[in-house]
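Raw contents of target-v9.tsv, TSV, C-alpha atoms:
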```tsv
chain	number	residue	atom	x	y	z
J	1	MET	CA	0.00	0.00	0.00
J	2	ASN	CA	1.34	3.41	-0.80
J	3	ARG	CA	1.46	6.23	1.78
J	4	LEU	CA	-1.55	8.09	0.38
J	5	ALA	CA	-3.77	5.01	0.55
J	6	LEU	CA	-2.57	4.26	4.09
J	7	LEU	CA	-3.33	7.84	5.13
J	8	ALA	CA	-6.85	7.62	3.62
J	9	VAL	CA	-7.58	4.39	5.52
J	10	GLY	CA	-6.33	5.95	8.76
J	11	VAL	CA	-8.51	9.06	8.32
J	12	ALA	CA	-11.56	6.94	7.51
J	13	GLY	CA	-10.96	4.84	10.65
J	14	LEU	CA	-10.65	7.92	12.84
J	15	THR	CA	-13.83	9.35	11.36
J	16	VAL	CA	-15.76	6.17	12.20
J	17	LEU	CA	-14.39	6.22	15.77
J	18	ALA	CA	-15.26	9.89	16.22
J	19	VAL	CA	-18.81	9.53	14.90
J	20	GLY	CA	-19.61	6.05	16.26
J	21	PRO	CA	-19.73	6.68	20.04
J	22	ALA	CA	-21.73	9.89	19.66
J	23	ALA	CA	-24.39	8.16	17.58
J	24	ALA	CA	-24.57	5.24	20.03
J	25	THR	CA	-25.02	7.45	23.12
J	26	PRO	CA	-28.64	7.28	24.31
J	27	ALA	CA	-30.50	10.47	25.21
J	28	ALA	CA	-30.62	11.29	28.92
J	29	ALA	CA	-33.66	9.83	30.62
J	30	ALA	CA	-36.22	12.27	32.00
J	31	ASP	CA	-35.70	10.90	35.51
J	32	GLN	CA	-31.89	11.04	35.37
J	33	THR	CA	-30.31	13.54	37.78
J	34	VAL	CA	-27.50	15.73	36.47
J	35	THR	CA	-25.32	17.52	39.04
J	36	THR	CA	-23.22	20.59	38.20
J	37	CYS	CA	-21.23	22.87	40.47
J	38	GLY	CA	-20.03	26.44	40.16
J	39	ASN	CA	-16.68	27.91	41.13
J	40	SER	CA	-15.56	27.68	44.72
J	41	GLY	CA	-14.93	30.65	46.98
J	42	LEU	CA	-13.60	31.41	50.44
J	43	GLN	CA	-16.14	32.51	53.04
J	44	ALA	CA	-15.66	32.66	56.81
J	45	GLY	CA	-12.25	31.02	56.35
J	46	LEU	CA	-13.82	27.98	54.67
J	47	LEU	CA	-14.09	26.70	51.11
J	48	THR	CA	-17.62	27.06	49.72
J	49	ARG	CA	-19.25	25.92	46.50
J	50	LEU	CA	-22.78	25.92	45.10
J	51	CYS	CA	-24.10	22.92	43.18
J	52	ALA	CA	-27.37	22.13	41.41
J	53	GLU	CA	-29.14	18.82	40.85
J	54	VAL	CA	-31.46	18.85	37.83
J	55	THR	CA	-34.00	16.09	37.21
J	56	GLY	CA	-36.34	16.83	34.29
J	57	ASN	CA	-37.68	20.31	35.04
J	58	THR	CA	-36.94	20.17	38.79
J	59	VAL	CA	-33.84	21.87	40.20
J	60	GLN	CA	-32.42	21.75	43.72
J	61	PHE	CA	-29.43	23.83	44.78
J	62	TYR	CA	-27.17	22.91	47.65
J	63	GLY	CA	-24.22	24.69	49.17
J	64	ARG	CA	-21.12	22.79	50.19
J	65	VAL	CA	-18.80	23.90	53.01
J	66	SER	CA	-15.41	22.30	53.64
J	67	LEU	CA	-11.98	23.08	55.02
J	68	ALA	CA	-9.94	25.33	52.73
J	69	GLY	CA	-6.99	23.00	53.08
J	70	PRO	CA	-5.69	20.18	55.23
J	71	PRO	CA	-4.84	21.01	58.85
J	72	SER	CA	-1.14	21.41	59.60
J	73	PRO	CA	0.53	18.22	60.85
J	74	GLY	CA	0.44	18.04	64.63
J	75	SER	CA	-2.12	20.83	64.98
J	76	PRO	CA	-5.20	20.28	67.14
J	77	THR	CA	-8.54	19.48	65.52
J	78	PRO	CA	-10.29	22.73	64.56
J	79	ALA	CA	-13.09	23.74	66.92
J	80	PRO	CA	-16.67	23.52	65.62
J	81	LYS	CA	-17.74	26.77	63.97
J	82	GLU	CA	-21.26	28.23	64.02
J	83	LEU	CA	-22.22	29.45	60.56
J	84	SER	CA	-25.13	31.43	59.23
J	85	THR	CA	-25.93	30.29	55.68
J	86	THR	CA	-28.18	31.85	53.06
J	87	LEU	CA	-29.17	29.92	49.95
J	88	SER	CA	-31.35	31.52	47.30
J	89	ALA	CA	-32.59	30.43	43.89
J	90	GLY	CA	-34.70	32.12	41.24
J	91	VAL	CA	-35.50	32.06	37.54
J	92	VAL	CA	-33.45	34.66	35.66
J	93	GLY	CA	-35.67	37.33	34.09
J	94	ALA	CA	-38.88	36.07	35.71
J	95	GLY	CA	-39.43	39.26	37.70
J	96	ALA	CA	-40.28	37.26	40.83
J	97	PRO	CA	-37.96	37.49	43.83
J	98	PRO	CA	-35.75	34.45	44.41
J	99	LEU	CA	-36.71	31.90	47.06
J	100	THR	CA	-34.36	32.39	50.02
J	101	GLN	CA	-33.51	30.02	52.86
J	102	ASP	CA	-31.55	31.15	55.94
J	103	LYS	CA	-30.20	28.29	58.00
J	104	PRO	CA	-27.78	28.20	60.94
J	105	VAL	CA	-25.41	25.22	60.88
J	106	VAL	CA	-22.42	23.98	62.85
J	107	PHE	CA	-19.34	23.07	60.81
J	108	THR	CA	-16.82	20.60	62.19
J	109	THR	CA	-14.08	19.20	59.96
J	110	THR	CA	-16.15	17.14	57.55
J	111	THR	CA	-17.74	18.50	54.39
J	112	LEU	CA	-21.22	19.86	55.04
J	113	ASP	CA	-24.04	20.16	52.49
J	114	VAL	CA	-26.80	22.73	53.00
J	115	ARG	CA	-29.76	21.81	50.80
J	116	GLY	CA	-32.35	24.25	49.55
J	117	PRO	CA	-35.90	23.43	48.51
J	118	ALA	CA	-36.52	21.79	45.13
J	119	SER	CA	-38.27	23.97	42.54
J	120	THR	CA	-40.12	23.08	39.37
J	121	VAL	CA	-39.37	25.51	36.54
J	122	PRO	CA	-40.26	25.66	32.84
J	123	CYS	CA	-37.99	23.94	30.33
J	124	GLY	CA	-35.49	26.33	28.79
J	125	ALA	CA	-35.42	28.58	31.89
J	126	THR	CA	-32.15	29.63	33.46
J	127	VAL	CA	-32.06	29.39	37.24
J	128	ARG	CA	-29.49	31.32	39.31
J	129	GLY	CA	-28.54	30.22	42.80
J	130	THR	CA	-26.40	31.97	45.41
J	131	PHE	CA	-24.87	30.59	48.59
J	132	GLY	CA	-23.51	32.82	51.33
J	133	VAL	CA	-21.76	31.82	54.56
J	134	ALA	CA	-21.10	34.14	57.49
J	135	SER	CA	-19.45	33.66	60.88
J	136	PHE	CA	-18.51	36.49	63.21
J	137	PRO	CA	-16.55	38.62	62.28
J	138	TRP	CA	-16.73	37.54	58.61
J	139	SER	CA	-19.57	38.67	56.37
J	140	PRO	CA	-20.78	36.50	53.46
J	141	ARG	CA	-19.23	36.66	49.99
J	142	PRO	CA	-21.76	34.52	48.10
J	143	VAL	CA	-20.80	32.07	45.39
J	144	VAL	CA	-23.11	31.90	42.35
J	145	HIS	CA	-24.09	29.11	39.99
J	146	GLU	CA	-26.52	29.14	37.03
J	147	VAL	CA	-28.14	26.22	35.24
J	148	THR	CA	-30.36	26.16	32.16
J	149	LEU	CA	-32.96	23.41	32.06
J	150	THR	CA	-32.91	21.63	28.71
J	151	CYS	CA	-35.62	19.03	29.60
```
Render the structure in this file as structure tokens.
Amino acid sequence: MNRLALLAVGVAGLTVLAVGPAAATPAAAADQTVTTCGNSGLQAGLLTRLCAEVTGNTVQFYGRVSLAGPPSPGSPTPAPKELSTTLSAGVVGAGAPPLTQDKPVVFTTTTLDVRGPASTVPCGATVRGTFGVASFPWSPRPVVHEVTLTC
């Protein structure tokens, strides 16, 4: 086989591999939950992140709080910390105020999830969530995450 024929066979094989898996992938089921998370941020000396779980046209946001890094070797276990959390979610451009949940929690050293209520929204809508964490003397610096429901 000459080089040109070998190159043509190689390109054809790569094309089949590139197209094959995409065509064989089934569409997501309506009851399948997809989880996405936004960027993390530091609040009250802790690492925070906002995530969303989308199932069909239902979305539930939850905030995640964890240590910003591992404790120093030989250091004592960090003391529990009382936190004031605020989680809000609303449809972008709907004109209605977002649903807001204020919840006090106690953080130890393990990752803590603060769940908000689940909301049913129209397909195609974009939902914006915010998650703020405060602990004296730190004020919240909310993290934001948006999801668009593709139903």
Legend entry - Coordinates-based distance that separates CA of Val127 in chain J from CA of Ala44 in chain J (Å, one decimal): 25.7 Å
Inset, instruction - Give me the residues within 12 Å of Val34 in chain J as a ChimeraX atom specification, counting only C-alpha atoms and dropping any in the same chain fewer than 3 places off. - result: /J:28-31,37,51-61,147-151
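Checking J:Thr48, J:Thr109, J:Ser88, J:Thr126 one by one against Pro76 in chain J, counting all atoms listed in the file, you find the shortest gap at J:Thr109.
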Inset, instruction - Find the distance between CA of Thr86 in chain J and CA of His145 in chain J and write it in Å to one decimal. - result: 14.0 Å
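Taking all atoms listed in the file into account, Val105 in chain J lies nearest to J:Pro80 out of the set J:Pro122, J:Pro80, J:Pro140, J:Gly93.
If you look at CA of Gly69 in chain J and CA of Ala89 in chain J, they are 28.2 Å away from each other.
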Inset, instruction - Excluding Arg115 in chain J and residues on its chain fewer than 2 positions from it, collect all residues at most 9 Å away from it, counting only C-alpha atoms, and give them as a PyMOL selection string. - result: chain J and resi 60-64+87+113+117-118
Inset, instruction - Select, from J:Gly132, J:Val143, J:Thr110, J:Val121, the residue with the minimum atom-to-atom distance to Pro70 in chain J, counting all atoms listed in the file. - result: J:Thr110
Inset, instruction - Anything within 8 Å of (-7.7, 27.1, 55.0): list those residues as an NGL selection string, counting all atoms listed in the file and sticking to the file's coordinates. - result: :J and (45-47 or 67-71)
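Minimum atom-to-atom distances from J:Ser84, J:Thr120, J:Ser75, J:Asn39 to Val144 in chain J were compared using all atoms listed in the file, and the lowest value belongs to J:Asn39.
Among the candidates J:Ser66, J:Gly90, J:Thr111, J:Lys103, the one nearest to Gly41 in chain J when counting all atoms listed in the file is J:Ser66.
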Inset, instruction - Choose the residue, out of J:Pro73, J:Pro97, J:Gly129, J:Gly124, that has the smallest atom-to-atom separation from Pro142 in chain J; count all atoms listed in the file. - result: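 With all atoms listed in the file as the atom set, the closest residue is J:Gly129.
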Give me range 52-83 of chain J with N, CA and C atoms filled in, as a CSV table (one decimal), in the coordinates of the input.
```csv
chain,number,residue,atom,x,y,z
J,52,ALA,N,-26.0,22.3,41.8
J,52,ALA,CA,-27.4,22.1,41.4
J,52,ALA,C,-27.6,20.7,40.9
J,53,GLU,N,-28.7,20.1,41.4
J,53,GLU,CA,-29.1,18.8,40.8
J,53,GLU,C,-30.4,19.1,40.0
J,54,VAL,N,-30.3,18.6,38.8
J,54,VAL,CA,-31.5,18.8,37.8
J,54,VAL,C,-32.0,17.5,37.4
J,55,THR,N,-33.3,17.3,37.6
J,55,THR,CA,-34.0,16.1,37.2
J,55,THR,C,-35.2,16.6,36.4
J,56,GLY,N,-35.2,16.3,35.1
J,56,GLY,CA,-36.3,16.8,34.3
J,56,GLY,C,-36.4,18.3,34.4
J,57,ASN,N,-37.6,18.9,34.9
J,57,ASN,CA,-37.7,20.3,35.0
J,57,ASN,C,-37.7,20.7,36.5
J,58,THR,N,-37.1,19.9,37.4
J,58,THR,CA,-36.9,20.2,38.8
J,58,THR,C,-35.5,20.4,39.1
J,59,VAL,N,-35.2,21.5,39.8
J,59,VAL,CA,-33.8,21.9,40.2
J,59,VAL,C,-33.8,22.1,41.7
J,60,GLN,N,-32.7,21.6,42.3
J,60,GLN,CA,-32.4,21.8,43.7
J,60,GLN,C,-31.0,22.2,43.9
J,61,PHE,N,-30.8,23.3,44.5
J,61,PHE,CA,-29.4,23.8,44.8
J,61,PHE,C,-29.0,23.4,46.2
J,62,TYR,N,-27.7,23.2,46.3
J,62,TYR,CA,-27.2,22.9,47.6
J,62,TYR,C,-25.8,23.5,47.7
J,63,GLY,N,-25.5,24.1,48.9
J,63,GLY,CA,-24.2,24.7,49.2
J,63,GLY,C,-23.3,23.7,49.9
J,64,ARG,N,-22.1,23.7,49.6
J,64,ARG,CA,-21.1,22.8,50.2
J,64,ARG,C,-20.1,23.6,50.9
J,65,VAL,N,-19.8,23.2,52.2
J,65,VAL,CA,-18.8,23.9,53.0
J,65,VAL,C,-17.8,22.9,53.4
J,66,SER,N,-16.5,23.2,53.2
J,66,SER,CA,-15.4,22.3,53.6
J,66,SER,C,-14.2,23.1,54.1
J,67,LEU,N,-13.2,22.4,54.6
J,67,LEU,CA,-12.0,23.1,55.0
J,67,LEU,C,-11.3,23.6,53.8
J,68,ALA,N,-10.6,24.7,53.9
J,68,ALA,CA,-9.9,25.3,52.7
J,68,ALA,C,-8.7,24.6,52.4
J,69,GLY,N,-8.2,23.8,53.3
J,69,GLY,CA,-7.0,23.0,53.1
J,69,GLY,C,-6.8,22.0,54.2
J,70,PRO,N,-5.9,21.1,54.1
J,70,PRO,CA,-5.7,20.2,55.2
J,70,PRO,C,-5.1,20.9,56.5
J,71,PRO,N,-5.5,20.4,57.7
J,71,PRO,CA,-4.8,21.0,58.8
J,71,PRO,C,-3.3,20.7,58.9
J,72,SER,N,-2.6,21.6,59.5
J,72,SER,CA,-1.1,21.4,59.6
J,72,SER,C,-0.9,20.2,60.4
J,73,PRO,N,0.2,19.4,60.1
J,73,PRO,CA,0.5,18.2,60.8
J,73,PRO,C,0.8,18.6,62.3
J,74,GLY,N,0.2,17.8,63.2
J,74,GLY,CA,0.4,18.0,64.6
J,74,GLY,C,-0.5,19.1,65.3
J,75,SER,N,-1.2,19.8,64.4
J,75,SER,CA,-2.1,20.8,65.0
J,75,SER,C,-3.4,20.2,65.6
J,76,PRO,N,-4.0,20.9,66.6
J,76,PRO,CA,-5.2,20.3,67.1
J,76,PRO,C,-6.4,20.3,66.1
J,77,THR,N,-7.3,19.5,66.4
J,77,THR,CA,-8.5,19.5,65.5
J,77,THR,C,-9.2,20.8,65.6
J,78,PRO,N,-9.6,21.4,64.5
J,78,PRO,CA,-10.3,22.7,64.6
J,78,PRO,C,-11.6,22.6,65.4
J,79,ALA,N,-11.9,23.7,66.1
J,79,ALA,CA,-13.1,23.7,66.9
J,79,ALA,C,-14.3,23.9,66.0
J,80,PRO,N,-15.5,23.3,66.4
J,80,PRO,CA,-16.7,23.5,65.6
J,80,PRO,C,-17.0,25.0,65.5
J,81,LYS,N,-17.5,25.4,64.3
J,81,LYS,CA,-17.7,26.8,64.0
J,81,LYS,C,-19.2,27.0,63.6
J,82,GLU,N,-19.9,27.9,64.3
J,82,GLU,CA,-21.3,28.2,64.0
J,82,GLU,C,-21.3,29.1,62.8
J,83,LEU,N,-22.1,28.7,61.8
J,83,LEU,CA,-22.2,29.4,60.6
J,83,LEU,C,-23.7,29.9,60.3
```
